[in-house]
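Structure file entry03.pdb; described as PDB, C-alpha atoms and all ligand atoms.
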ATOM      1  CA  MET A 224      12.520   6.751  -3.514
ATOM      2  CA  LYS A 225      13.229   7.977   0.002
ATOM      3  CA  THR A 226      12.990   5.427   2.808
ATOM      4  CA  ARG A 227       9.830   6.064   4.805
ATOM      5  CA  ILE A 228      10.363   5.522   8.511
ATOM      6  CA  ALA A 229       7.930   5.843  11.429
ATOM      7  CA  LEU A 230       9.451   6.820  14.780
ATOM      8  CA  ILE A 231       7.507   6.317  18.001
ATOM      9  CA  ALA A 232       8.631   6.225  21.627
ATOM     10  CA  HIS A 233       6.816   5.935  24.919
ATOM     11  CA  ASP A 234       7.634   8.585  27.492
ATOM     12  CA  LYS A 235      10.337   6.693  29.366
ATOM     13  CA  LYS A 236      11.949   5.756  26.049
ATOM     14  CA  LYS A 237      11.976   9.207  24.474
ATOM     15  CA  ASP A 238      15.497  10.033  25.615
ATOM     16  CA  ASP A 239      16.647   6.756  24.044
ATOM     17  CA  MET A 240      14.862   7.710  20.818
ATOM     18  CA  ILE A 241      16.561  11.111  20.720
ATOM     19  CA  ALA A 242      19.968   9.508  21.305
ATOM     20  CA  LEU A 243      19.297   6.864  18.627
ATOM     21  CA  ALA A 244      17.998   9.345  16.070
ATOM     22  CA  GLY A 245      20.953  11.615  16.839
ATOM     23  CA  GLU A 246      23.349   8.804  15.907
ATOM     24  CA  TYR A 247      21.579   8.268  12.574
ATOM     25  CA  LYS A 248      20.722  11.909  11.990
ATOM     26  CA  ALA A 249      22.576  12.208   8.676
ATOM     27  CA  PHE A 250      20.744   9.173   7.289
ATOM     28  CA  LEU A 251      17.377  10.059   8.823
ATOM     29  CA  SER A 252      17.508  13.513   7.285
ATOM     30  CA  THR A 253      17.469  11.808   3.857
ATOM     31  CA  CYS A 254      14.327   9.816   4.791
ATOM     32  CA  THR A 255      10.644  10.663   4.960
ATOM     33  CA  LEU A 256       9.875  10.613   8.676
ATOM     34  CA  THR A 257       6.530  10.194  10.392
ATOM     35  CA  ALA A 258       6.098  10.190  14.160
ATOM     36  CA  THR A 259       3.522  10.312  16.898
ATOM     37  CA  GLY A 260       2.949  13.806  18.247
ATOM     38  CA  THR A 261       5.231  14.180  21.236
ATOM     39  CA  THR A 262       8.004  12.007  19.841
ATOM     40  CA  GLY A 263       7.915  13.991  16.600
ATOM     41  CA  GLY A 264       8.016  17.290  18.470
ATOM     42  CA  ARG A 265      11.179  16.289  20.277
ATOM     43  CA  LEU A 266      12.833  14.962  17.104
ATOM     44  CA  ALA A 267      12.106  18.255  15.368
ATOM     45  CA  ASN A 268      13.030  20.575  18.237
ATOM     46  CA  GLU A 269      16.076  18.775  19.568
ATOM     47  CA  LEU A 270      17.571  17.352  16.369
ATOM     48  CA  GLY A 271      16.158  19.639  13.695
ATOM     49  CA  LEU A 272      14.673  16.720  11.747
ATOM     50  CA  THR A 273      11.725  17.302   9.449
ATOM     51  CA  VAL A 274       8.928  15.081  10.705
ATOM     52  CA  ASP A 275       5.301  14.614   9.751
ATOM     53  CA  ARG A 276       3.707  14.645  13.199
ATOM     54  CA  LYS A 277       0.555  12.656  13.792
ATOM     55  CA  HIS A 278      -1.587  12.773  16.914
ATOM     56  CA  SER A 279      -0.064  11.724  20.194
ATOM     57  CA  GLY A 280      -0.220   7.963  20.793
ATOM     58  CA  PRO A 281      -3.023   7.991  23.382
ATOM     59  CA  PHE A 282      -5.078  10.158  21.004
ATOM     60  CA  GLY A 283      -4.796   7.826  18.013
ATOM     61  CA  GLY A 284      -1.312   8.486  16.624
ATOM     62  CA  ASP A 285      -0.384   4.805  16.559
ATOM     63  CA  LEU A 286      -3.574   4.084  14.618
ATOM     64  CA  GLN A 287      -2.825   6.864  12.124
ATOM     65  CA  ILE A 288       0.621   5.386  11.508
ATOM     66  CA  GLY A 289      -0.913   1.899  11.314
ATOM     67  CA  SER A 290      -3.298   3.145   8.657
ATOM     68  CA  MET A 291      -0.407   4.594   6.618
ATOM     69  CA  LEU A 292       1.439   1.293   6.938
ATOM     70  CA  VAL A 293      -1.576  -0.658   5.679
ATOM     71  CA  GLU A 294      -1.713   1.716   2.698
ATOM     72  CA  GLY A 295       1.927   0.882   1.894
ATOM     73  CA  GLU A 296       3.244   4.286   2.955
ATOM     74  CA  ILE A 297       5.690   3.152   5.660
ATOM     75  CA  ASP A 298       8.796   1.004   5.042
ATOM     76  CA  CYS A 299       9.934   0.536   8.612
ATOM     77  CA  VAL A 300       8.753   1.254  12.166
ATOM     78  CA  ILE A 301      11.012   2.106  15.075
ATOM     79  CA  PHE A 302       8.738   1.806  18.096
ATOM     80  CA  LEU A 303      10.548   2.093  21.419
ATOM     81  CA  ARG A 304       7.899   0.657  23.694
ATOM     82  CA  ASP A 305       7.983   0.833  27.473
ATOM     83  CA  PRO A 306       7.325  -2.712  28.661
ATOM     84  CA  MET A 307       7.204  -1.644  32.330
ATOM     85  CA  THR A 308       4.409   0.938  32.217
ATOM     86  CA  PRO A 309       0.767   0.170  31.402
ATOM     87  CA  GLN A 310      -0.494   2.363  28.548
ATOM     88  CA  PRO A 311      -4.118   3.531  28.233
ATOM     89  CA  HIS A 312      -4.012   2.858  24.501
ATOM     90  CA  GLU A 313      -2.572  -0.657  24.647
ATOM     91  CA  PRO A 314      -5.037  -1.896  21.977
ATOM     92  CA  ASP A 315      -3.742   0.758  19.557
ATOM     93  CA  ILE A 316      -0.138  -0.248  20.232
ATOM     94  CA  ASN A 317      -0.950  -3.893  19.611
ATOM     95  CA  ALA A 318      -2.837  -2.971  16.450
ATOM     96  CA  LEU A 319       0.192  -1.176  15.029
ATOM     97  CA  VAL A 320       2.607  -3.989  15.842
ATOM     98  CA  ARG A 321       0.117  -6.507  14.451
ATOM     99  CA  ALA A 322      -0.201  -4.479  11.229
ATOM    100  CA  CYS A 323       3.607  -4.658  10.892
ATOM    101  CA  ASP A 324       3.421  -8.442  11.187
ATOM    102  CA  VAL A 325       0.497  -8.726   8.783
ATOM    103  CA  HIS A 326       2.327  -6.647   6.174
ATOM    104  CA  ASN A 327       5.814  -8.021   6.897
ATOM    105  CA  THR A 328       7.112  -4.549   7.709
ATOM    106  CA  PRO A 329      10.253  -4.320   9.870
ATOM    107  CA  CYS A 330       9.340  -3.161  13.379
ATOM    108  CA  ALA A 331      12.092  -2.566  15.920
ATOM    109  CA  THR A 332      10.734  -2.313  19.443
ATOM    110  CA  ASN A 333      13.965  -1.819  21.352
ATOM    111  CA  VAL A 334      17.197   0.084  20.871
ATOM    112  CA  SER A 335      19.328  -2.945  19.906
ATOM    113  CA  SER A 336      17.006  -4.021  17.123
ATOM    114  CA  ALA A 337      16.588  -0.408  16.035
ATOM    115  CA  HIS A 338      20.362  -0.182  15.540
ATOM    116  CA  LEU A 339      20.331  -3.304  13.382
ATOM    117  CA  VAL A 340      17.458  -2.051  11.241
ATOM    118  CA  LEU A 341      18.720   1.520  10.847
ATOM    119  CA  SER A 342      22.307   0.514  10.094
ATOM    120  CA  GLN A 343      21.075  -1.912   7.433
ATOM    121  CA  LEU A 344      18.762   0.680   5.859
ATOM    122  CA  GLN A 345      21.557   3.247   5.940
ATOM    123  CA  GLN A 346      23.915   0.816   4.212
ATOM    124  CA  ARG A 347      21.327  -0.016   1.548
ATOM    125  CA  ALA A 348      20.687   3.674   0.888
ATOM    126  CA  ALA A 349      24.413   4.341   0.536
ATOM    127  CA  ALA A 350      24.748   1.474  -1.975
ATOM    128  CA  ALA A 351      21.756   2.568  -4.070
TER     129      ALA A 351
HETATM  130  O1  LIG B 401       2.101   6.783  22.997
HETATM  131  C1  LIG B 401       2.851   6.687  22.062
HETATM  132  C2  LIG B 401       2.951   5.440  21.290
HETATM  133  O2  LIG B 401       2.076   4.427  21.719
HETATM  134  C3  LIG B 401       3.727   7.798  21.669
HETATM  135  O3  LIG B 401       3.004   8.993  21.550
HETATM  136  P1  LIG B 401       3.763  10.367  21.716
HETATM  137  O4  LIG B 401       4.927  10.373  20.796
HETATM  138  O5  LIG B 401       2.764  11.425  21.370
HETATM  139  O6  LIG B 401       4.172  10.437  23.176
END

For this file, write the structure as structure tokens.
Amino acid sequence: MKTRIALIAHDKKKDDMIALAGEYKAFLSTCTLTATGTTGGRLANELGLTVDRKHSGPFGGDLQIGSMLVEGEIDCVIFLRDPMTPQPHEPDINALVRACDVHNTPCATNVSSAHLVLSQLQQRAAAA
């Protein structure tokens, strides 16, 4: 089965997300990708990745992805959060990260941990 990855980035982290996804593009193109609206738009337009785009984060996108995760439809979350900017939908963000903890789903919230998670998933997929 394809690895199912959710990709989410706050505005000031979107360039980092594009750079990260660009590095893993070959692997990510073998995965089933879900993203919040604006992040997904950039991944599709700038990298040509096929992405299931949910609503934008402030309009419930994090909650939609959280719901998928609870249903067992997401294997891993890459969520590049901006710790320096208050977000209007902070409760939704916390709900998604909490759902990852409740369901023991890997959740990388910065670029360094995202590299560790993606390189490991890529290696596993290559060995399968
Ligand atoms: O706000 C977000 C995550 O909390 C991200 O949403 P967008 O990808 O639509 O900007």

Report as JSON, numbers by chain the full result of the PyMOL selection byres (((not hetatm)) within 10 of (chain B and resi 401)) when it is applied to this structure.
-> {"A": [230, 231, 232, 233, 234, 235, 236, 237, 258, 259, 260, 261, 262, 263, 264, 265, 266, 276, 277, 278, 279, 280, 281, 282, 283, 284, 285, 286, 302, 303, 304, 305, 310, 311, 312, 313, 314, 315, 316, 317, 319]}

Which residue out of A:Tyr247, A:Arg347, A:Ile241, A:Cys330 has the minimum interatomic distance to A:Ala267 when all atoms listed in the file are used?
-> A:Ile241

Choose the residue, out of A:Gln287, A:Pro306, A:Ala348, A:Asp238, that has the smallest atom-to-atom separation from A:Thr257; count all atoms listed in the file.
-> A:Gln287

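For the set A:Leu243, A:Leu272, A:Leu341, A:Thr328, the residue with the smallest atom-to-atom gap to A:Met291 is A:Thr328, counting only C-alpha atoms.
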